[in-house]
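Chemist: Input structure: data_38.cif, which contains mmCIF, C-alpha atoms and all ligand atoms.
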data_target
#
loop_
_atom_site.label_atom_id
_atom_site.label_comp_id
_atom_site.auth_asym_id
_atom_site.auth_seq_id
_atom_site.Cartn_x
_atom_site.Cartn_y
_atom_site.Cartn_z
CA MET A 210 176.22 210.56 -8.05
CA THR A 211 173.26 208.22 -8.41
CA ILE A 212 172.43 205.53 -5.88
CA LEU A 213 171.64 202.21 -7.53
CA ASP A 214 168.64 201.55 -5.32
CA GLY A 215 168.32 197.77 -5.13
CA LYS A 216 165.54 197.98 -2.60
CA LYS A 217 163.32 200.02 -4.91
CA VAL A 218 164.16 198.05 -8.07
CA SER A 219 163.68 194.71 -6.32
CA ASN A 220 160.25 195.89 -5.16
CA ASP A 221 159.39 196.85 -8.74
CA ILE A 222 160.46 193.38 -9.90
CA LYS A 223 158.46 191.67 -7.16
CA ASN A 224 155.38 193.70 -8.16
CA GLU A 225 155.86 192.65 -11.79
CA ILE A 226 156.21 188.99 -10.75
CA LYS A 227 153.12 189.23 -8.52
CA GLN A 228 151.10 190.54 -11.46
CA GLN A 229 152.17 187.52 -13.51
CA VAL A 230 151.32 185.14 -10.67
CA ASP A 231 147.91 186.78 -10.26
CA LYS A 232 147.28 186.15 -13.95
CA MET A 233 148.29 182.50 -13.51
CA LYS A 234 145.85 182.20 -10.61
CA ASP A 235 143.05 183.83 -12.63
CA LYS A 236 143.59 181.25 -15.36
CA GLY A 237 143.51 178.43 -12.78
CA GLU A 238 147.18 177.57 -13.44
CA LYS A 239 149.57 176.20 -10.84
CA VAL A 240 151.68 178.94 -9.24
CA PRO A 241 155.50 178.64 -8.98
CA HIS A 242 156.75 176.61 -6.02
CA LEU A 243 160.25 177.18 -4.61
CA ALA A 244 161.86 174.89 -2.04
CA ALA A 245 164.92 175.85 0.02
CA VAL A 246 167.05 173.27 1.78
CA ILE A 247 169.03 174.39 4.79
CA VAL A 248 171.45 172.12 6.61
CA GLY A 249 172.46 173.21 10.12
CA ASN A 250 171.74 176.28 12.22
CA ASP A 251 174.00 178.98 10.80
CA GLY A 252 172.39 182.31 11.79
CA ALA A 253 173.14 184.17 8.56
CA SER A 254 171.93 181.23 6.42
CA LEU A 255 168.68 181.01 8.38
CA THR A 256 168.15 184.74 7.89
CA TYR A 257 168.75 184.46 4.13
CA VAL A 258 166.40 181.49 3.75
CA GLY A 259 163.77 183.24 5.87
CA SER A 260 163.95 186.27 3.55
CA LYS A 261 163.59 184.03 0.50
CA VAL A 262 160.50 182.33 1.94
CA ARG A 263 158.92 185.69 2.85
CA ALA A 264 159.65 186.97 -0.66
CA CYS A 265 157.80 183.94 -2.09
CA GLU A 266 154.76 184.74 0.04
CA ARG A 267 154.88 188.38 -1.06
CA VAL A 268 154.59 187.48 -4.78
CA GLY A 269 152.11 184.62 -4.32
CA PHE A 270 154.50 181.69 -4.86
CA GLU A 271 154.27 178.53 -2.85
CA SER A 272 157.37 177.84 -0.78
CA THR A 273 158.75 174.97 1.26
CA MET A 274 161.62 175.19 3.70
CA VAL A 275 163.40 171.89 4.26
CA ARG A 276 165.45 171.99 7.46
CA MET A 277 168.05 169.30 8.07
CA SER A 278 170.31 168.90 11.09
CA ASN A 279 173.97 169.87 11.22
CA THR A 280 174.88 166.17 11.39
CA THR A 281 173.11 165.29 8.13
CA SER A 282 175.21 162.93 6.04
CA GLU A 283 175.98 163.49 2.36
CA ILE A 284 173.83 160.48 1.43
CA GLU A 285 170.87 161.83 3.38
CA LEU A 286 171.13 165.18 1.63
CA LEU A 287 171.52 163.53 -1.79
CA ASP A 288 168.38 161.46 -1.06
CA LYS A 289 166.48 164.65 -0.20
CA ILE A 290 167.68 166.26 -3.43
CA GLU A 291 166.50 163.26 -5.44
CA GLU A 292 163.10 163.53 -3.74
CA LEU A 293 162.88 167.22 -4.74
CA ASN A 294 164.06 166.42 -8.28
CA GLN A 295 161.22 163.88 -8.59
CA ASN A 296 158.53 165.99 -6.91
CA ASP A 297 156.39 167.41 -9.73
CA ASP A 298 154.93 170.06 -7.47
CA ILE A 299 158.33 171.73 -6.91
CA ASP A 300 159.41 173.95 -9.81
CA GLY A 301 162.79 174.96 -8.45
CA PHE A 302 164.90 174.55 -5.35
CA ILE A 303 168.05 175.84 -3.76
CA ILE A 304 170.55 174.36 -1.34
CA GLN A 305 171.62 177.14 1.02
CA LEU A 306 175.42 177.36 1.25
CA PRO A 307 177.72 176.85 3.08
CA LEU A 308 177.18 173.17 3.87
CA PRO A 309 178.73 171.42 6.91
CA PRO A 310 182.23 169.99 6.32
CA GLN A 311 181.10 166.32 6.07
CA ILE A 312 179.24 167.19 2.84
CA ASN A 313 180.92 167.68 -0.54
CA THR A 314 179.34 170.84 -1.95
CA GLN A 315 180.26 170.12 -5.58
CA LYS A 316 178.70 166.66 -5.40
CA VAL A 317 175.51 168.11 -3.95
CA LEU A 318 175.20 170.88 -6.53
CA MET A 319 175.79 168.34 -9.33
CA ALA A 320 172.85 166.27 -8.00
CA VAL A 321 170.29 169.04 -8.54
CA ASP A 322 168.19 168.57 -11.69
CA PRO A 323 169.43 171.42 -13.96
CA SER A 324 165.82 172.24 -14.91
CA LYS A 325 165.10 172.99 -11.22
CA ASP A 326 168.46 174.63 -10.46
CA VAL A 327 167.14 178.18 -9.93
CA ASP A 328 170.44 179.23 -8.31
CA GLY A 329 172.20 178.45 -11.61
CA PHE A 330 175.05 176.63 -9.84
CA HIS A 331 174.90 173.31 -11.78
CA PRO A 332 177.78 172.98 -14.29
CA GLU A 333 175.26 172.48 -17.11
CA ASN A 334 173.65 175.84 -16.39
CA PHE A 335 176.98 177.54 -15.69
CA GLY A 336 178.27 176.23 -19.03
CA LYS A 337 175.18 177.44 -20.87
CA MET A 338 175.63 180.87 -19.28
CA ALA A 339 179.25 180.98 -20.45
CA LEU A 340 178.09 180.04 -23.97
CA ASP A 341 175.43 182.81 -24.07
CA MET A 342 172.64 180.21 -24.07
CA SER A 343 169.34 180.78 -22.29
CA THR A 344 169.58 179.41 -18.74
CA PHE A 345 169.29 180.23 -15.04
CA ILE A 346 171.87 182.91 -14.26
CA PRO A 347 173.11 182.88 -10.63
CA ALA A 348 170.89 185.28 -8.72
CA THR A 349 173.50 187.78 -7.46
CA PRO A 350 175.20 188.43 -10.84
CA PHE A 351 171.75 188.39 -12.49
CA GLY A 352 170.60 191.04 -10.00
CA ILE A 353 173.62 193.23 -10.74
CA LEU A 354 172.95 193.03 -14.49
CA GLU A 355 169.29 193.90 -13.94
CA LEU A 356 170.18 196.88 -11.74
CA MET A 357 172.60 198.21 -14.38
CA GLU A 358 170.05 197.67 -17.12
CA ARG A 359 167.23 199.46 -15.30
CA TYR A 360 169.46 202.46 -14.51
CA GLY A 361 170.87 202.48 -18.06
CA VAL A 362 174.47 202.14 -16.85
CA GLU A 363 176.68 202.03 -19.96
CA THR A 364 178.88 198.92 -19.98
CA LYS A 365 179.94 198.68 -23.67
CA GLY A 366 183.64 199.32 -24.16
CA LYS A 367 184.14 199.99 -20.46
CA HIS A 368 186.83 198.45 -18.30
CA THR A 369 185.16 196.36 -15.61
CA VAL A 370 187.23 195.14 -12.67
CA VAL A 371 185.71 192.32 -10.63
CA ILE A 372 187.21 191.70 -7.18
CA GLY A 373 186.75 188.10 -6.02
CA ARG A 374 186.44 184.94 -8.13
CA SER A 375 183.90 182.85 -6.20
CA HIS A 376 181.78 180.44 -8.24
CA ILE A 377 178.58 182.22 -7.18
CA VAL A 378 179.50 185.89 -7.71
CA GLY A 379 182.91 186.96 -9.03
CA ARG A 380 183.52 184.27 -11.65
CA PRO A 381 180.05 184.38 -13.27
CA MET A 382 180.05 188.19 -13.05
CA SER A 383 183.32 188.36 -15.00
CA ILE A 384 181.86 186.12 -17.72
CA LEU A 385 178.61 188.07 -17.95
CA MET A 386 180.26 191.50 -18.16
CA GLY A 387 182.39 190.28 -21.06
CA ARG A 388 179.61 188.66 -23.06
CA LYS A 389 178.11 190.17 -26.18
CA GLY A 390 175.06 192.32 -25.46
CA PHE A 391 173.82 194.73 -22.83
CA PRO A 392 174.82 194.76 -20.02
CA GLY A 393 178.12 193.33 -21.24
CA ASN A 394 180.65 194.11 -23.97
CA SER A 395 183.03 195.22 -21.23
CA THR A 396 186.73 194.51 -21.10
CA VAL A 397 187.01 192.53 -17.89
CA THR A 398 189.79 192.09 -15.35
CA LEU A 399 189.14 189.43 -12.70
CA THR A 400 191.15 189.98 -9.52
CA HIS A 401 191.64 187.82 -6.41
CA SER A 402 193.83 187.42 -3.36
CA HIS A 403 196.95 186.77 -5.47
CA THR A 404 196.51 189.87 -7.61
CA LYS A 405 199.47 192.22 -7.33
CA ASN A 406 199.08 196.02 -7.28
CA ILE A 407 195.31 195.88 -7.09
CA THR A 408 195.05 199.65 -6.56
CA GLN A 409 196.76 200.21 -9.90
CA ILE A 410 194.12 198.00 -11.54
CA THR A 411 191.02 199.33 -9.74
CA SER A 412 192.05 202.94 -10.30
CA GLN A 413 191.83 202.33 -14.07
CA ALA A 414 188.36 200.78 -13.86
CA ASP A 415 185.21 202.37 -15.25
CA ILE A 416 183.13 199.80 -13.34
CA ILE A 417 184.18 197.99 -10.13
CA ILE A 418 182.23 195.02 -8.83
CA SER A 419 183.54 194.15 -5.39
CA ALA A 420 182.76 190.68 -4.01
CA LEU A 421 185.40 189.69 -1.50
CA GLY A 422 183.78 190.15 1.91
CA VAL A 423 186.34 192.44 3.52
CA PRO A 424 184.64 195.48 5.13
CA ASN A 425 185.75 198.86 3.71
CA PHE A 426 188.35 197.21 1.44
CA LEU A 427 187.72 199.55 -1.49
CA LYS A 428 188.94 203.02 -0.54
CA ALA A 429 188.55 206.33 -2.40
CA GLU A 430 192.20 206.33 -3.52
CA MET A 431 191.57 203.02 -5.34
CA VAL A 432 188.80 204.49 -7.50
CA LYS A 433 188.86 206.96 -10.38
CA ASP A 434 186.41 209.86 -10.66
CA GLY A 435 183.12 208.87 -12.26
CA ALA A 436 183.50 205.11 -11.72
CA VAL A 437 180.47 202.86 -11.28
CA ILE A 438 180.72 200.97 -7.97
CA VAL A 439 178.83 197.76 -7.18
CA ASP A 440 179.32 196.51 -3.63
CA VAL A 441 178.38 192.84 -3.18
CA GLY A 442 180.02 192.39 0.22
CA ILE A 443 177.91 191.50 3.24
CA THR A 444 179.85 191.21 6.50
CA ARG A 445 178.42 191.26 10.01
CA VAL A 446 180.48 193.73 12.03
CA PRO A 447 179.99 194.01 15.84
CA ASP A 448 177.92 197.11 16.71
CA GLU A 449 177.01 197.94 20.31
CA ASN A 450 174.39 200.45 19.19
CA SER A 451 172.37 197.89 17.26
CA PRO A 452 169.82 195.70 19.09
CA LYS A 453 171.16 192.72 17.11
CA GLY A 454 174.70 193.47 18.30
CA TYR A 455 176.01 193.76 14.73
CA LYS A 456 175.59 195.79 11.57
CA ILE A 457 175.90 194.78 7.92
CA THR A 458 178.92 196.26 6.16
CA GLY A 459 179.91 196.14 2.51
CA ASP A 460 183.34 195.96 0.86
CA VAL A 461 183.31 199.65 -0.03
CA ASP A 462 184.15 202.70 2.09
CA PHE A 463 180.83 204.18 1.01
CA GLU A 464 181.23 207.59 2.63
CA ASN A 465 184.38 208.48 0.71
CA VAL A 466 184.01 206.39 -2.45
CA SER A 467 180.49 207.73 -3.12
CA LYS A 468 181.99 211.24 -3.48
CA LYS A 469 183.91 210.05 -6.57
CA ALA A 470 181.43 207.56 -8.04
CA SER A 471 178.91 208.19 -10.83
CA TYR A 472 176.72 205.30 -9.62
CA ILE A 473 177.05 203.28 -6.42
CA THR A 474 175.10 200.55 -4.61
CA PRO A 475 174.54 200.98 -0.86
CA VAL A 476 174.88 198.18 1.70
CA PRO A 477 172.31 197.27 2.83
CA GLY A 478 169.74 198.07 0.14
CA GLY A 479 171.80 197.46 -3.00
CA VAL A 480 172.76 194.06 -4.36
CA GLY A 481 171.24 192.02 -1.48
CA PRO A 482 167.55 192.64 -2.24
CA MET A 483 168.22 192.22 -5.97
CA THR A 484 169.56 188.71 -5.33
CA ILE A 485 166.26 187.60 -3.82
CA ALA A 486 164.20 189.24 -6.56
CA MET A 487 166.20 187.40 -9.23
CA LEU A 488 165.80 184.08 -7.45
CA LEU A 489 162.05 184.66 -7.75
CA LYS A 490 162.49 185.53 -11.41
CA ASN A 491 164.39 182.28 -12.01
CA THR A 492 161.66 180.33 -10.19
CA LEU A 493 158.99 181.91 -12.38
CA LEU A 494 161.08 180.95 -15.42
CA ALA A 495 161.37 177.37 -14.11
CA ARG A 496 157.57 177.17 -13.76
CA GLU A 497 157.04 178.57 -17.26
CA GLN A 498 159.48 176.04 -18.71
CA ARG A 499 157.58 173.20 -17.06
CA MET A 500 154.19 174.24 -18.47
P1 LIG A 601 184.16 184.06 -1.27
O1 LIG A 601 183.87 182.67 -1.68
O2 LIG A 601 184.13 184.42 0.18
O3 LIG A 601 185.55 184.46 -1.92
C1 LIG A 601 186.12 185.71 -1.72
C2 LIG A 601 186.91 186.07 -2.95
O4 LIG A 601 187.59 187.29 -2.65
C3 LIG A 601 187.99 185.05 -3.32
O5 LIG A 601 188.02 184.88 -4.72
C4 LIG A 601 189.27 185.66 -2.79
O6 LIG A 601 190.42 185.32 -3.55
C5 LIG A 601 188.97 187.14 -2.96
N1 LIG A 601 189.77 187.94 -2.05
C6 LIG A 601 189.94 187.79 -0.72
N2 LIG A 601 190.77 188.73 -0.22
C7 LIG A 601 191.15 189.49 -1.27
C8 LIG A 601 191.99 190.61 -1.44
N3 LIG A 601 192.62 191.16 -0.39
N4 LIG A 601 192.14 191.15 -2.66
C9 LIG A 601 191.48 190.64 -3.74
N5 LIG A 601 190.66 189.57 -3.66
C10 LIG A 601 190.50 189.00 -2.44
O7 LIG A 601 183.22 185.08 -2.06
P2 LIG A 601 181.63 185.21 -2.18
O8 LIG A 601 180.92 184.00 -1.70
O9 LIG A 601 181.45 185.70 -3.55
O10 LIG A 601 181.31 186.37 -1.13
C11 LIG A 601 181.94 187.62 -1.19
C12 LIG A 601 181.13 188.62 -0.37
O11 LIG A 601 179.88 188.83 -1.01
C13 LIG A 601 180.81 188.15 1.05
O12 LIG A 601 180.79 189.28 1.89
C14 LIG A 601 179.40 187.58 0.90
O13 LIG A 601 178.67 187.63 2.11
C15 LIG A 601 178.82 188.52 -0.10
N6 LIG A 601 177.69 188.00 -0.87
C16 LIG A 601 176.64 188.82 -1.01
C17 LIG A 601 175.56 188.42 -1.77
C18 LIG A 601 174.41 189.37 -1.95
O14 LIG A 601 173.34 188.94 -2.26
N7 LIG A 601 174.62 190.67 -1.77
C19 LIG A 601 175.55 187.16 -2.36
C20 LIG A 601 176.68 186.34 -2.22
C21 LIG A 601 177.75 186.78 -1.47
P3 LIG A 601 190.96 183.79 -3.69
O15 LIG A 601 190.06 183.14 -4.69
O16 LIG A 601 192.33 183.95 -4.17
O17 LIG A 601 190.83 183.19 -2.31
#
Could I get this structure in the form of structure tokens?
Modeler:
Amino acid sequence: MTILDGKKVSNDIKNEIKQQVDKMKDKGEKVPHLAAVIVGNDGASLTYVGSKVRACERVGFESTMVRMSNTTSEIELLDKIEELNQNDDIDGFIIQLPLPPQINTQKVLMAVDPSKDVDGFHPENFGKMALDMSTFIPATPFGILELMERYGVETKGKHTVVIGRSHIVGRPMSILMGRKGFPGNSTVTLTHSHTKNITQITSQADIIISALGVPNFLKAEMVKDGAVIVDVGITRVPDENSPKGYKITGDVDFENVSKKASYITPVPGGVGPMTIAMLLKNTLLAREQRM
């Protein structure tokens, strides 16, 4: 069994990006600038945005965190987005989800200039991705592809089962695993909360990508010997022994599933760090496209 070490690979990617940024600096070029908009005070969202800002510093990008109150109206957020769209100094920006209930998420994501949409959530970019055109691929699926590629995980002709059909992970992942090329060329089954007999489906899978957010959902009896397991889930579970009072748990019963898997991602240290590295990669791409 091989651990798909997202922490190590994401560090490698950050080092590669830093080298490119250093070259840009040496040539007197503008370095990539990422902005992150956060609305409200959700603890997990603040942690994610904080990690993204720190990652920018680590590779030499400029970063801006835009904090807006929980009572921000949709119009106020749309105005802020327009300001970021127009700001020539910003190469890419993200709107941290989830947004408060008074704001229509689809409307907000549609307002982002596709050329600055480094999360790849705008329908124009999503459509390009589905049509195999060059575009920003959503960071989490992009990170999973990169991890598979760097470990040489065979995907051609394999049966990939994706659990969860969210617009940011499961749905794009299912499209990407079925596209022509590597990683891809898989036969894909996309499952969700209405899927019947899910164990029957997962136990036939060569590759399982689990993105539902239910701790320890995927048990050893749901997995065949030698399967590749990618655990996207991140759930805070109360833990008295941790100073924070919680621990991060994935969707996979790692202890037992890892005994059957050929490759497996840990949580933490698997998909999570890859997501941030790929956001940086998309931001670098956005800068290059604006040169
Ligand atoms: P989400 O929007 O929370 O949706 C969950 C999906 O799982 C839905 O499609 C739902 O089906 C499906 N589902 C729920 N219960 C199920 C069941 N019993 N059997 C099969 N499918 C079931 O998903 P998300 O935003 O993609 O997040 C999923 C998890 O990944 C969360 O833990 C999140 O924190 C984590 N995440 C991690 C990263 C990272 O960087 N590692 C990034 C993003 C998200 P329906 O569509 O039918 O409701």
Chemist: For segment 480-488 of chain A, please output as JSON, numbers by chain all residues within 9 Å (counting all atoms listed in the file; exclusion window: fewer than 2 positions along the same chain).
Modeler: {"A": [213, 214, 215, 216, 217, 218, 219, 220, 222, 223, 257, 260, 261, 264, 327, 328, 346, 347, 348, 349, 350, 351, 352, 353, 355, 356, 439, 440, 441, 442, 443, 474, 475, 476, 477, 478, 490, 491, 492, 493]}
Chemist: Next, write the just-selected residues to a file, as a PDB file, keeping the file's coordinate frame, keeping C-alpha atoms as the atom set.
Modeler:
ATOM      1  CA  LEU A 213     171.640 202.210  -7.530  1.00  0.00           C
ATOM      2  CA  ASP A 214     168.640 201.550  -5.320  1.00  0.00           C
ATOM      3  CA  GLY A 215     168.320 197.770  -5.130  1.00  0.00           C
ATOM      4  CA  LYS A 216     165.540 197.980  -2.600  1.00  0.00           C
ATOM      5  CA  LYS A 217     163.320 200.020  -4.910  1.00  0.00           C
ATOM      6  CA  VAL A 218     164.160 198.050  -8.070  1.00  0.00           C
ATOM      7  CA  SER A 219     163.680 194.710  -6.320  1.00  0.00           C
ATOM      8  CA  ASN A 220     160.250 195.890  -5.160  1.00  0.00           C
ATOM      9  CA  ILE A 222     160.460 193.380  -9.900  1.00  0.00           C
ATOM     10  CA  LYS A 223     158.460 191.670  -7.160  1.00  0.00           C
ATOM     11  CA  TYR A 257     168.750 184.460   4.130  1.00  0.00           C
ATOM     12  CA  SER A 260     163.950 186.270   3.550  1.00  0.00           C
ATOM     13  CA  LYS A 261     163.590 184.030   0.500  1.00  0.00           C
ATOM     14  CA  ALA A 264     159.650 186.970  -0.660  1.00  0.00           C
ATOM     15  CA  VAL A 327     167.140 178.180  -9.930  1.00  0.00           C
ATOM     16  CA  ASP A 328     170.440 179.230  -8.310  1.00  0.00           C
ATOM     17  CA  ILE A 346     171.870 182.910 -14.260  1.00  0.00           C
ATOM     18  CA  PRO A 347     173.110 182.880 -10.630  1.00  0.00           C
ATOM     19  CA  ALA A 348     170.890 185.280  -8.720  1.00  0.00           C
ATOM     20  CA  THR A 349     173.500 187.780  -7.460  1.00  0.00           C
ATOM     21  CA  PRO A 350     175.200 188.430 -10.840  1.00  0.00           C
ATOM     22  CA  PHE A 351     171.750 188.390 -12.490  1.00  0.00           C
ATOM     23  CA  GLY A 352     170.600 191.040 -10.000  1.00  0.00           C
ATOM     24  CA  ILE A 353     173.620 193.230 -10.740  1.00  0.00           C
ATOM     25  CA  GLU A 355     169.290 193.900 -13.940  1.00  0.00           C
ATOM     26  CA  LEU A 356     170.180 196.880 -11.740  1.00  0.00           C
ATOM     27  CA  VAL A 439     178.830 197.760  -7.180  1.00  0.00           C
ATOM     28  CA  ASP A 440     179.320 196.510  -3.630  1.00  0.00           C
ATOM     29  CA  VAL A 441     178.380 192.840  -3.180  1.00  0.00           C
ATOM     30  CA  GLY A 442     180.020 192.390   0.220  1.00  0.00           C
ATOM     31  CA  ILE A 443     177.910 191.500   3.240  1.00  0.00           C
ATOM     32  CA  THR A 474     175.100 200.550  -4.610  1.00  0.00           C
ATOM     33  CA  PRO A 475     174.540 200.980  -0.860  1.00  0.00           C
ATOM     34  CA  VAL A 476     174.880 198.180   1.700  1.00  0.00           C
ATOM     35  CA  PRO A 477     172.310 197.270   2.830  1.00  0.00           C
ATOM     36  CA  GLY A 478     169.740 198.070   0.140  1.00  0.00           C
ATOM     37  CA  LYS A 490     162.490 185.530 -11.410  1.00  0.00           C
ATOM     38  CA  ASN A 491     164.390 182.280 -12.010  1.00  0.00           C
ATOM     39  CA  THR A 492     161.660 180.330 -10.190  1.00  0.00           C
ATOM     40  CA  LEU A 493     158.990 181.910 -12.380  1.00  0.00           C
TER      41      LEU A 493
END
Chemist: So that I can check the surroundings of Ser343 of chain A, please list as a VMD selection string every protein, DNA and RNA residue that reaches within 12 Å of it, counting only C-alpha atoms and ignoring chain neighbours fewer than 6 positions away.
Modeler: chain A and resid 324 329 333 to 337 491 494 to 495 498
Chemist: Which polymer residues have any atom within 9 Å of an atom of Ile407 of chain A, counting only C-alpha atoms, with same-chain residues fewer than 6 positions away left out, as an MDAnalysis selection string?
Modeler: chainID A and resid 400:401 431
Chemist: At what distance in Å, to one decimal, does atom CA of Gly422 of chain A lie from atom P1 of ligand LIG 601 (chain A)?
Modeler: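 So the answer is 6.9 Å.
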Chemist: Between A:Val397, A:Cys265, A:Ser254, A:Thr280, which has the minimum distance to ligand LIG 601 (chain A) (counting all atoms listed in the file)?
Modeler: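 Of A:Val397, A:Cys265, A:Ser254, A:Thr280, the one nearest ligand LIG 601 (chain A) is A:Ser254, counting all atoms listed in the file.
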Chemist: Identify which of the residues A:Met210, A:Val317, A:Ile304, A:Ile418 lies closest to Leu255 of chain A, counting only C-alpha atoms when measuring atom-to-atom distances.
Modeler: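 Closest residue, counting only C-alpha atoms: A:Ile304.
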